[in-house]
>>> print(open('query_7.csv').read())   # CSV, C-alpha atoms
chain,number,residue,atom,x,y,z
W,1,MET,CA,96.8,68.3,98.1
W,2,SER,CA,93.3,67.4,99.2
W,3,ILE,CA,92.3,71.0,99.5
W,4,PHE,CA,93.9,71.7,96.1
W,5,ILE,CA,91.8,68.8,94.6
W,6,ALA,CA,88.6,70.2,96.2
W,7,LEU,CA,89.3,73.7,94.7
W,8,LEU,CA,90.0,72.1,91.4
W,9,VAL,CA,86.7,70.2,91.6
W,10,LEU,CA,84.8,73.5,92.3
W,11,SER,CA,86.5,75.3,89.5
W,12,PHE,CA,85.7,72.4,87.1
W,13,LEU,CA,82.0,72.5,88.0
W,14,ILE,CA,81.9,76.3,87.8
W,15,PHE,CA,83.6,76.2,84.4
W,16,PHE,CA,81.0,73.9,82.9
W,17,HIS,CA,78.1,76.0,84.4
W,18,GLU,CA,79.5,79.2,82.8
W,19,LEU,CA,80.3,77.3,79.6
W,20,GLY,CA,76.6,76.4,79.3
W,21,HIS,CA,75.7,80.1,79.5
W,22,PHE,CA,78.5,81.0,77.1
W,23,LEU,CA,77.6,78.5,74.4
W,24,MET,CA,73.9,79.3,74.5
W,25,ALA,CA,74.6,83.0,74.4
W,26,ARG,CA,76.9,82.6,71.4
W,27,PHE,CA,74.2,80.4,69.8
W,28,PHE,CA,71.8,83.3,69.9
W,29,GLY,CA,74.4,85.8,68.7
W,30,VAL,CA,75.1,87.5,72.1
W,31,ARG,CA,78.6,88.9,72.5
W,32,VAL,CA,80.4,87.6,75.6
W,33,ASP,CA,82.9,90.1,77.0
W,34,VAL,CA,84.3,88.1,79.9
W,35,PHE,CA,84.4,84.5,80.9
W,36,SER,CA,85.9,84.2,84.4
W,37,ILE,CA,86.6,81.4,86.8
W,38,GLY,CA,86.8,83.0,90.2
W,39,PHE,CA,86.2,86.5,91.4
W,40,GLY,CA,88.4,89.5,92.3
W,41,LYS,CA,91.8,90.4,90.8
W,42,LYS,CA,92.6,88.5,87.6
W,43,VAL,CA,95.7,86.4,87.9
W,44,PHE,CA,95.6,85.2,84.3
W,45,SER,CA,93.7,86.4,81.2
W,46,LYS,CA,93.8,85.9,77.5
W,47,GLN,CA,91.8,87.6,74.8
W,48,ILE,CA,90.3,85.2,72.3
W,49,GLY,CA,88.0,86.9,69.8
W,50,ASP,CA,85.6,89.1,71.6
W,51,THR,CA,85.9,87.3,74.9
W,52,GLN,CA,88.5,87.8,77.7
W,53,TRP,CA,89.1,84.4,79.3
W,54,SER,CA,90.2,84.8,82.9
W,55,VAL,CA,91.2,83.0,86.1
W,56,SER,CA,90.7,85.3,89.1
W,57,LEU,CA,92.2,85.2,92.6
W,58,ILE,CA,89.2,83.9,94.6
W,59,PRO,CA,88.4,80.5,93.1
W,60,LEU,CA,84.9,80.2,94.7
W,61,GLY,CA,82.7,81.1,91.8
W,62,GLY,CA,82.7,82.5,88.3
W,63,TYR,CA,80.8,84.5,85.8
W,64,VAL,CA,80.1,85.2,82.2
W,65,LYS,CA,79.7,88.9,81.4
W,66,MET,CA,77.5,89.3,78.3
W,67,LYS,CA,77.1,92.5,76.4
W,68,GLY,CA,74.1,94.3,77.9
W,69,GLN,CA,73.8,92.2,81.0
W,70,ASP,CA,75.6,92.8,84.3
W,71,ASP,CA,74.3,91.4,87.6
W,72,SER,CA,76.4,94.0,89.5
W,73,ASN,CA,74.7,96.8,87.6
W,74,PRO,CA,71.2,95.9,86.3
W,75,LEU,CA,71.0,99.4,84.7
W,76,ASP,CA,73.9,98.5,82.3
W,77,VAL,CA,71.9,97.7,79.2
W,78,ASN,CA,72.8,97.9,75.5
W,79,TYR,CA,70.5,97.9,72.5
W,80,ASP,CA,72.9,96.6,69.8
W,81,SER,CA,71.9,93.5,67.8
W,82,ASP,CA,74.6,91.4,69.6
W,83,SER,CA,73.4,92.4,73.1
W,84,TYR,CA,71.6,90.3,75.6
W,85,THR,CA,69.2,93.2,76.1
W,86,THR,CA,67.7,92.9,72.6
W,87,LYS,CA,67.0,89.2,72.7
W,88,LYS,CA,63.5,87.8,73.1
W,89,PRO,CA,62.5,86.6,76.6
W,90,TRP,CA,62.4,82.9,75.5
W,91,GLN,CA,65.9,83.3,74.1
W,92,LYS,CA,67.1,84.8,77.4
W,93,ILE,CA,65.4,81.9,79.3
W,94,PHE,CA,67.4,79.4,77.2
W,95,ILE,CA,70.6,81.2,77.9
W,96,LEU,CA,69.9,81.3,81.7
W,97,LEU,CA,68.8,77.6,81.8
W,98,ALA,CA,71.9,76.5,80.0
W,99,GLY,CA,74.2,76.9,83.1
W,100,PRO,CA,72.1,74.8,85.5
W,101,LEU,CA,71.4,72.2,82.7
W,102,ALA,CA,75.2,71.9,82.1
W,103,ASN,CA,75.6,71.0,85.8
W,104,PHE,CA,72.9,68.3,85.6
W,105,LEU,CA,74.6,67.0,82.5
W,106,VAL,CA,78.0,66.9,84.2
W,107,ALA,CA,76.4,65.0,87.2
W,108,PHE,CA,74.8,62.6,84.7
W,109,ILE,CA,78.2,61.9,83.0
W,110,LEU,CA,79.9,61.4,86.4
W,111,TYR,CA,77.2,59.0,87.6
W,112,PHE,CA,77.6,57.1,84.3
W,113,GLY,CA,81.3,56.9,84.8
W,114,ILE,CA,80.8,55.5,88.3
W,115,SER,CA,78.5,52.9,86.9
W,116,GLN,CA,81.2,51.7,84.5
W,117,ILE,CA,83.9,51.7,87.1
W,118,GLY,CA,81.7,49.8,89.5
W,119,THR,CA,80.7,50.7,93.1
W,120,TYR,CA,79.8,49.1,96.4
W,121,LEU,CA,76.5,49.8,98.2
W,122,SER,CA,76.9,53.2,99.8
W,123,PRO,CA,74.8,56.0,101.4
W,124,LEU,CA,76.4,58.3,98.7
W,125,PHE,CA,73.6,57.2,96.3
W,126,ASN,CA,70.1,55.7,96.4
W,127,TYR,CA,71.5,52.3,97.3
W,128,GLY,CA,68.2,50.8,98.5
W,129,HIS,CA,67.1,50.9,94.8
W,130,TYR,CA,69.8,48.4,93.9
W,131,MET,CA,69.6,46.1,96.9
W,132,SER,CA,67.7,42.8,96.8
W,133,ALA,CA,64.5,42.6,98.9
W,134,THR,CA,66.1,39.8,100.9
W,135,VAL,CA,66.0,39.7,104.7
W,136,GLY,CA,69.4,39.8,106.4
W,137,GLU,CA,68.5,40.4,110.0
W,138,PHE,CA,65.8,41.4,112.5
W,139,SER,CA,65.4,44.1,115.1
W,140,LYS,CA,64.6,43.2,118.7
W,141,GLU,CA,60.9,42.1,119.0
W,142,SER,CA,60.5,42.3,115.2
W,143,PRO,CA,56.8,41.9,114.1
W,144,ALA,CA,58.1,40.2,110.9
W,145,LYS,CA,60.1,37.7,112.9
W,146,LEU,CA,57.1,37.0,115.2
W,147,ALA,CA,55.0,36.4,112.1
W,148,GLY,CA,57.4,33.8,110.8
W,149,LEU,CA,59.6,35.6,108.3
W,150,LYS,CA,63.2,34.2,108.2
W,151,VAL,CA,66.7,35.4,107.4
W,152,GLY,CA,67.2,34.7,103.7
W,153,ASP,CA,63.6,35.2,102.7
W,154,LYS,CA,63.1,37.2,99.5
W,155,ILE,CA,60.0,39.4,99.6
W,156,LEU,CA,58.1,39.1,96.3
W,157,LYS,CA,54.8,40.9,97.1
W,158,ILE,CA,53.2,43.0,99.8
W,159,ASN,CA,49.4,43.1,99.5
W,160,ASN,CA,49.7,42.1,95.8
W,161,THR,CA,52.1,44.9,95.1
W,162,LYS,CA,55.2,43.5,93.4
W,163,ILE,CA,58.5,44.3,95.2
W,164,GLU,CA,61.6,44.7,92.9
W,165,ASN,CA,64.1,46.0,95.5
W,166,TRP,CA,64.7,46.9,99.1
W,167,ASP,CA,63.7,50.5,98.7
W,168,GLU,CA,60.1,49.5,97.7
W,169,ILE,CA,59.5,47.5,100.9
W,170,GLY,CA,59.4,50.6,103.2
W,171,LYS,CA,57.4,52.7,100.6
W,172,THR,CA,54.8,50.0,100.2
W,173,ILE,CA,54.4,49.4,104.0
W,174,GLN,CA,53.6,53.1,104.5
W,175,LYS,CA,50.7,52.9,102.1
W,176,TYR,CA,48.5,50.6,104.2
W,177,ASN,CA,46.9,51.0,107.6
W,178,SER,CA,45.9,47.4,108.0
W,179,ASP,CA,47.8,44.1,108.4
W,180,LEU,CA,50.0,43.3,105.5
W,181,LYS,CA,50.0,40.1,103.4
W,182,PHE,CA,53.6,39.1,102.4
W,183,SER,CA,54.5,36.7,99.7
W,184,VAL,CA,58.1,35.5,100.2
W,185,LEU,CA,60.5,33.1,98.5
W,186,ARG,CA,62.5,30.9,100.9
W,187,GLU,CA,66.1,29.8,100.3
W,188,ASN,CA,64.8,26.3,99.6
W,189,GLY,CA,62.7,27.6,96.7
W,190,LYS,CA,59.4,27.3,98.6
W,191,ARG,CA,56.9,30.2,98.3
W,192,VAL,CA,55.3,31.2,101.6
W,193,GLU,CA,52.4,33.6,102.5
W,194,LEU,CA,52.6,35.5,105.8
W,195,THR,CA,50.5,38.2,107.5
W,196,ILE,CA,52.5,40.8,109.4
W,197,LYS,CA,51.1,43.6,111.5
W,198,PRO,CA,53.5,46.7,111.5
W,199,ILE,CA,54.2,48.7,114.5
W,200,ILE,CA,54.4,52.5,114.6
W,201,LYS,CA,57.7,53.9,115.7
W,202,GLU,CA,59.1,57.5,116.0
W,203,GLN,CA,62.3,57.9,113.9
W,204,LYS,CA,64.4,60.6,112.4
W,205,ASN,CA,64.3,61.0,108.6
W,206,ARG,CA,67.3,62.0,106.5
W,207,PHE,CA,66.6,65.7,107.3
W,208,GLY,CA,66.8,65.1,111.0
W,209,GLU,CA,63.0,65.5,111.5
W,210,ASP,CA,61.1,63.3,114.0
W,211,ILE,CA,58.5,61.3,112.1
W,212,LYS,CA,56.3,58.4,112.8
W,213,ARG,CA,56.7,55.4,110.5
W,214,LYS,CA,55.2,51.9,110.2
W,215,ILE,CA,57.9,49.3,110.5
W,216,ILE,CA,58.2,45.5,110.6
W,217,GLY,CA,61.7,45.3,112.1
W,218,ILE,CA,63.8,43.9,109.2
W,219,ALA,CA,67.2,44.8,107.7
W,220,PRO,CA,68.5,43.9,104.3
W,221,LYS,CA,71.0,41.3,103.4
W,222,VAL,CA,74.0,43.4,102.3
W,223,SER,CA,76.1,42.2,99.4
W,224,GLU,CA,79.9,42.5,99.7
W,225,GLU,CA,80.1,42.4,95.9
W,226,LYS,CA,80.7,45.5,93.7
W,227,LEU,CA,77.7,46.6,91.7
W,228,SER,CA,78.4,46.5,88.0
W,229,PHE,CA,76.3,47.9,85.1
W,230,SER,CA,76.2,47.4,81.4
W,231,PRO,CA,76.4,50.7,79.4
W,232,ILE,CA,72.6,50.7,78.9
W,233,GLU,CA,72.1,50.0,82.7
W,234,GLY,CA,74.7,52.7,83.4
W,235,LEU,CA,72.6,55.3,81.5
W,236,VAL,CA,69.5,54.3,83.6
W,237,PHE,CA,71.6,54.4,86.8
W,238,ALA,CA,72.9,57.9,85.8
W,239,TYR,CA,69.4,59.2,85.1
W,240,ASN,CA,67.9,57.8,88.3
W,241,GLU,CA,70.7,59.2,90.5
W,242,THR,CA,70.6,62.6,88.9
W,243,ILE,CA,66.8,62.8,89.4
W,244,TYR,CA,67.2,61.4,93.0
W,245,ALA,CA,69.9,63.9,94.0
W,246,SER,CA,68.0,66.8,92.4
W,247,THR,CA,64.8,65.8,94.3
W,248,LEU,CA,66.7,65.5,97.6
W,249,ILE,CA,68.2,68.9,97.2
W,250,PHE,CA,64.9,70.5,96.3
W,251,LYS,CA,63.3,69.0,99.4
W,252,SER,CA,66.2,70.2,101.6
W,253,VAL,CA,65.8,73.7,100.3
W,254,GLN,CA,62.1,73.6,100.9
W,255,LYS,CA,62.6,72.4,104.4
W,256,LEU,CA,65.1,75.1,105.2
W,257,ILE,CA,62.7,77.7,103.9
W,258,THR,CA,59.8,76.4,105.9
W,259,GLY,CA,61.9,75.9,109.0
W,260,SER,CA,61.5,72.2,109.2
W,261,VAL,CA,65.3,71.9,109.1
W,262,PRO,CA,67.1,74.5,111.3
W,263,ALA,CA,69.3,77.1,109.7
W,264,ASN,CA,72.4,75.8,111.5
W,265,GLN,CA,72.3,72.8,109.1
W,266,LEU,CA,73.1,75.1,106.1
W,267,GLY,CA,76.6,74.6,104.9
W,268,GLY,CA,78.9,77.0,103.0
W,269,VAL,CA,81.9,77.0,100.8
W,270,ILE,CA,84.2,75.8,103.6
W,271,SER,CA,82.0,72.7,104.1
W,272,ILE,CA,82.0,71.9,100.4
W,273,VAL,CA,85.8,72.2,100.3
W,274,ASP,CA,86.2,70.2,103.5
W,275,ILE,CA,83.9,67.3,102.4
W,276,THR,CA,85.3,67.2,98.9
W,277,ALA,CA,88.9,67.1,100.3
W,278,LYS,CA,87.9,64.2,102.6
W,279,ALA,CA,86.2,62.4,99.7
W,280,SER,CA,89.3,62.7,97.6
W,281,GLN,CA,91.2,60.8,100.4
W,282,SER,CA,88.6,58.0,100.2
W,283,GLY,CA,89.2,57.1,96.6
W,284,LEU,CA,88.2,58.0,93.1
W,285,VAL,CA,84.6,56.7,93.3
W,286,ALA,CA,83.8,58.7,96.5
W,287,LEU,CA,85.3,61.8,94.9
W,288,LEU,CA,83.2,61.3,91.7
W,289,PHE,CA,80.0,60.8,93.8
W,290,PHE,CA,80.6,64.1,95.8
W,291,THR,CA,81.5,66.0,92.6
W,292,ALA,CA,78.2,64.8,91.0
W,293,LEU,CA,76.3,65.8,94.1
W,294,ILE,CA,77.9,69.3,94.2
W,295,SER,CA,77.2,69.7,90.5
W,296,VAL,CA,73.5,68.9,91.1
W,297,ASN,CA,73.5,71.4,94.0
W,298,LEU,CA,74.9,74.1,91.8
W,299,GLY,CA,72.2,73.4,89.2
W,300,VAL,CA,69.3,73.3,91.7
W,301,LEU,CA,70.4,76.4,93.7
W,302,ASN,CA,70.9,78.5,90.6
W,303,LEU,CA,67.3,77.8,89.6
W,304,LEU,CA,65.9,79.3,92.8
W,305,PRO,CA,63.7,82.3,92.0
W,306,ILE,CA,66.1,84.8,93.8
W,307,PRO,CA,67.0,88.0,91.8
W,308,ALA,CA,70.7,87.8,90.8
W,309,LEU,CA,70.5,84.0,90.3
W,310,ASP,CA,69.5,82.4,87.0
W,311,GLY,CA,66.2,81.4,88.5
W,312,GLY,CA,65.4,85.1,89.4
W,313,HIS,CA,66.2,86.3,85.9
W,314,ILE,CA,64.1,83.5,84.4
W,315,MET,CA,61.2,84.8,86.5
W,316,PHE,CA,61.7,88.3,85.1
W,317,ASN,CA,61.6,86.9,81.6
W,318,ILE,CA,58.5,84.8,82.3
W,319,TYR,CA,56.8,88.0,83.6
W,320,GLU,CA,57.8,89.8,80.4
W,321,MET,CA,56.4,87.0,78.3
W,322,ILE,CA,53.0,87.0,80.2
W,323,SER,CA,52.6,90.8,80.5
W,324,GLY,CA,54.2,91.8,77.2
W,325,LYS,CA,56.6,94.3,78.9
W,326,ALA,CA,59.8,94.0,80.9
W,327,PRO,CA,59.9,95.1,84.5
W,328,SER,CA,60.9,98.7,85.0
W,329,GLU,CA,64.6,99.4,85.4
W,330,LYS,CA,64.0,100.8,88.8
W,331,VAL,CA,62.2,97.6,89.9
W,332,MET,CA,64.9,95.4,88.4
W,333,TYR,CA,67.6,97.4,90.2
W,334,ARG,CA,65.8,97.2,93.6
W,335,LEU,CA,65.0,93.5,93.3
W,336,THR,CA,68.6,92.7,92.2
W,337,ILE,CA,69.9,94.5,95.3
W,338,VAL,CA,67.5,92.5,97.5
W,339,GLY,CA,68.7,89.3,95.7
W,340,TRP,CA,72.3,90.1,96.4
W,341,GLY,CA,71.4,90.8,100.0
W,342,ILE,CA,69.8,87.4,100.4
W,343,LEU,CA,72.7,85.6,98.7
W,344,LEU,CA,75.3,87.4,100.8
W,345,SER,CA,73.3,86.6,104.0
W,346,LEU,CA,73.1,83.0,103.1
W,347,MET,CA,76.8,82.8,102.3
W,348,LEU,CA,77.7,84.4,105.6
W,349,LEU,CA,75.3,82.1,107.5
W,350,GLY,CA,76.9,79.1,105.7
W,351,ILE,CA,80.4,80.3,106.6
W,352,TYR,CA,79.4,80.9,110.2
W,353,ASN,CA,77.9,77.4,110.4
W,354,ASP,CA,81.0,76.0,108.8
W,355,ILE,CA,83.3,77.6,111.3
W,356,ASN,CA,81.2,76.4,114.2
W,357,ARG,CA,81.3,72.9,112.9
W,358,LEU,CA,85.1,73.0,112.4
W,359,LEU,CA,85.5,74.3,116.0
W,360,GLY,CA,83.3,71.5,117.3
>>> encode(input="query_7.csv", output="structure tokens")
Amino acid sequence: MSIFIALLVLSFLIFFHELGHFLMARFFGVRVDVFSIGFGKKVFSKQIGDTQWSVSLIPLGGYVKMKGQDDSNPLDVNYDSDSYTTKKPWQKIFILLAGPLANFLVAFILYFGISQIGTYLSPLFNYGHYMSATVGEFSKESPAKLAGLKVGDKILKINNTKIENWDEIGKTIQKYNSDLKFSVLRENGKRVELTIKPIIKEQKNRFGEDIKRKIIGIAPKVSEEKLSFSPIEGLVFAYNETIYASTLIFKSVQKLITGSVPANQLGGVISIVDITAKASQSGLVALLFFTALISVNLGVLNLLPIPALDGGHIMFNIYEMISGKAPSEKVMYRLTIVGWGILLSLMLLGIYNDINRLLG
């Protein structure tokens, strides 16, 4: 059942990605021949108007086949008025952007839904942004404790920089290379000024890289209460989390490309299904969080400038807008083949890593 739910989630996200392309294509008068969820042999199809709506055997992707546009054959063009080929570059860019934007919109809606259900503090989102800047405990030989900071103290300012939440404490500490002046509010209502000298410690960041950070040896006071948001606060939460997840994924891709993160950290379809299945066993909110994160993943990865992906086609159209002419069919064909080679290699590497992880 968990695996079925995971495949259903993937199909749901792919459907909305392709629906974005479909709606924008139809808006600009492009005929859509096929709308398929999955690849391979069709197990169900129905002709509605000009479009064949299909569900195919392999539920790990999907596609919209527009008239005059075929990723599997870049030379398949058509010059009728309802063809993708004849549309202006800016119109094509809008059609291409619509898929990833649909994924970001789905993630936004899911995050908003989570905010209205209510959620506990969790690493599944940027929880530090919603935690009070109140000290809960100290590490061994904590510089903050030695300087006189106490459990229950709420940090108001660091070097005159106002602190709104726990996340801002670490960010502010990293900005300064000298002793830090803390303004704190005690539980008895008394305001106290303290000077704390951070120490430098080597730690691992969220990407597994060894980095040196300035720390003062404090941990937050964790609330056991569920976070709740008004509808307006929920919209802000959804926006912040969509941006946060997008930024995190962009950074992850950048670090994979530069080699900062080893290639064995790349996950594939098996990992996605496995993690989503486990999330479904952990409750509705966990499943919604992972679904939102996967949706953002789909949006970001499809914007990568790789031929055969939306981002690659966008680059071709930007080139046409700047140069005034489209790339030659021969160049398009060769670049698309290279793009498919890159994608296939990444998919195989992801599956190889997945199998290694499953085997321990």
>>> closest_residue(input="query_7.csv", among="W:Ile200, W:Ala292, W:Leu7, W:Ala263", to="Met347 (chain W)", atoms="all atoms listed in the file")
W:Ala263
>>> residues_around(input="query_7.csv", residues="Asn356 (chain W)", least_positions_apart="5", cutoff="10 Å", atoms="only C-alpha atoms", output="PyMOL selection string")
chain W and resi 264+350-351
>>> closest_residue(input="query_7.csv", among="W:Tyr111, W:Ser142, W:Ser45, W:Leu194", to="Val296 (chain W)", atoms="only C-alpha atoms")
W:Tyr111
>>> atom_distance(input="query_7.csv", atom1="CA of Leu23 (chain W)", atom2="CA of Ala98 (chain W)")
8.2 Å
>>> atom_distance(input="query_7.csv", atom1="CA of Asp354 (chain W)", atom2="CA of Gln203 (chain W)")
26.5 Å
>>> closest_atom_pairs(input="query_7.csv", of="region 242-333 of chain W", to="region 65-86 of chain W", cutoff="12 Å", atoms="all atoms listed in the file", output="tab-separated table")
residue	atom	partner	partner_atom	distance
W:Pro307	CA	W:Asp71	CA	9.1
W:Ala308	CA	W:Asp71	CA	6.0
W:Leu309	CA	W:Asp71	CA	8.7
W:Asp310	CA	W:Asp71	CA	10.2
W:Gly312	CA	W:Asp71	CA	11.1
W:His313	CA	W:Asp71	CA	9.7
W:Asn317	CA	W:Thr85	CA	11.3
W:Ala326	CA	W:Thr85	CA	10.6
W:Pro327	CA	W:Pro74	CA	11.5
W:Ser328	CA	W:Leu75	CA	10.1
W:Glu329	CA	W:Leu75	CA	6.4
W:Lys330	CA	W:Leu75	CA	8.2
W:Val331	CA	W:Pro74	CA	9.8
W:Met332	CA	W:Pro74	CA	6.7
W:Tyr333	CA	W:Pro74	CA	5.5
>>> residues_around(input="query_7.csv", residues="Lys255 (chain W)", least_positions_apart="4", cutoff="12 Å", atoms="only C-alpha atoms", output="PyMOL selection string")
chain W and resi 206-209+248-251+259-263+265-266
>>> closest_residue(input="query_7.csv", among="W:Gly128, W:Gly170, W:Gly217, W:Gly360", to="Leu149 (chain W)", atoms="all atoms listed in the file")
W:Gly217
>>> closest_residue(input="query_7.csv", among="W:Ile199, W:Met315, W:Leu346, W:Ala147", to="Leu256 (chain W)", atoms="all atoms listed in the file")
W:Leu346
>>> closest_residue(input="query_7.csv", among="W:Ala102, W:Val338, W:Val135, W:Ile270", to="Gly299 (chain W)", atoms="all atoms listed in the file")
W:Ala102
>>> residues_near_point(input="query_7.csv", point="(78.8, 48.9, 82.0)", cutoff="12 Å", atoms="only C-alpha atoms", output="MDAnalysis selection string")
chainID W and resid 111:119 227:238
>>> closest_residue(input="query_7.csv", among="W:Leu288, W:Ile3, W:Leu293, W:Ile158", to="Lys175 (chain W)", atoms="all atoms listed in the file")
W:Ile158
>>> atom_distance(input="query_7.csv", atom1="CA of Asn159 (chain W)", atom2="CA of Ile243 (chain W)")
28.2 Å
>>> residues_around(input="query_7.csv", residues="Thr276 (chain W)", least_positions_apart="4", cutoff="12 Å", atoms="only C-alpha atoms", output="ChimeraX atom specification")
/W:1-10,269-272,280-295
>>> residues_around(input="query_7.csv", residues="Gly189 (chain W)", least_positions_apart="3", cutoff="12 Å", atoms="all atoms listed in the file", output="VMD selection string")
chain W and resid 152 to 154 184 to 186 192
>>> residues_around(input="query_7.csv", residues="Gly38 (chain W)", least_positions_apart="6", cutoff="12 Å", atoms="only C-alpha atoms", output="MDAnalysis selection string")
chainID W and resid 7:8 10:15 18 44:45 53:64
>>> decode(input="query_7.csv", residues="region 52-115 of chain W", atoms="C-alpha atoms", output="CSV table (one decimal), in the first residue's frame")
chain,number,residue,atom,x,y,z
W,52,GLN,CA,-5.2,11.5,-26.7
W,53,TRP,CA,-5.1,11.2,-22.9
W,54,SER,CA,-3.2,8.1,-21.8
W,55,VAL,CA,-1.9,6.2,-18.8
W,56,SER,CA,1.2,4.1,-19.7
W,57,LEU,CA,2.8,1.1,-18.2
W,58,ILE,CA,5.9,2.6,-16.6
W,59,PRO,CA,4.5,5.2,-14.0
W,60,LEU,CA,7.9,7.0,-13.6
W,61,GLY,CA,7.4,10.1,-15.8
W,62,GLY,CA,5.1,11.5,-18.4
W,63,TYR,CA,5.0,13.8,-21.4
W,64,VAL,CA,2.9,16.1,-23.5
W,65,LYS,CA,3.5,15.7,-27.2
W,66,MET,CA,2.7,18.9,-29.0
W,67,LYS,CA,2.3,19.3,-32.7
W,68,GLY,CA,5.8,20.1,-34.2
W,69,GLN,CA,7.7,19.3,-31.0
W,70,ASP,CA,9.1,15.9,-30.1
W,71,ASP,CA,12.0,15.4,-27.8
W,72,SER,CA,12.7,11.9,-29.1
W,73,ASN,CA,13.0,13.3,-32.6
W,74,PRO,CA,14.1,17.0,-32.8
W,75,LEU,CA,13.9,17.0,-36.6
W,76,ASP,CA,10.1,16.3,-36.3
W,77,VAL,CA,8.9,19.9,-37.0
W,78,ASN,CA,5.7,21.3,-38.5
W,79,TYR,CA,4.9,24.7,-39.9
W,80,ASP,CA,1.1,24.8,-39.5
W,81,SER,CA,-0.4,27.7,-37.6
W,82,ASP,CA,-1.3,25.4,-34.6
W,83,SER,CA,2.2,24.0,-34.4
W,84,TYR,CA,4.8,24.6,-31.6
W,85,THR,CA,7.4,25.2,-34.3
W,86,THR,CA,5.7,28.3,-35.6
W,87,LYS,CA,5.3,30.0,-32.2
W,88,LYS,CA,7.6,32.9,-31.2
W,89,PRO,CA,10.5,32.2,-28.9
W,90,TRP,CA,8.9,34.1,-26.0
W,91,GLN,CA,5.7,32.0,-26.4
W,92,LYS,CA,7.7,28.8,-26.4
W,93,ILE,CA,9.5,29.9,-23.2
W,94,PHE,CA,6.2,30.5,-21.5
W,95,ILE,CA,5.0,27.0,-22.6
W,96,LEU,CA,8.3,25.5,-21.3
W,97,LEU,CA,8.2,27.4,-18.0
W,98,ALA,CA,4.6,26.4,-17.3
W,99,GLY,CA,5.5,22.8,-16.2
W,100,PRO,CA,8.1,23.7,-13.5
W,101,LEU,CA,5.9,26.6,-12.4
W,102,ALA,CA,3.0,24.2,-11.9
W,103,ASN,CA,5.3,22.1,-9.6
W,104,PHE,CA,6.2,25.2,-7.6
W,105,LEU,CA,2.5,26.1,-7.3
W,106,VAL,CA,1.6,22.5,-6.2
W,107,ALA,CA,4.3,22.7,-3.5
W,108,PHE,CA,3.0,26.2,-2.4
W,109,ILE,CA,-0.5,24.8,-2.0
W,110,LEU,CA,0.7,21.7,-0.1
W,111,TYR,CA,2.7,23.9,2.3
W,112,PHE,CA,-0.3,26.1,2.8
W,113,GLY,CA,-2.4,23.0,3.5
W,114,ILE,CA,0.2,21.9,6.1
W,115,SER,CA,0.0,25.3,7.8
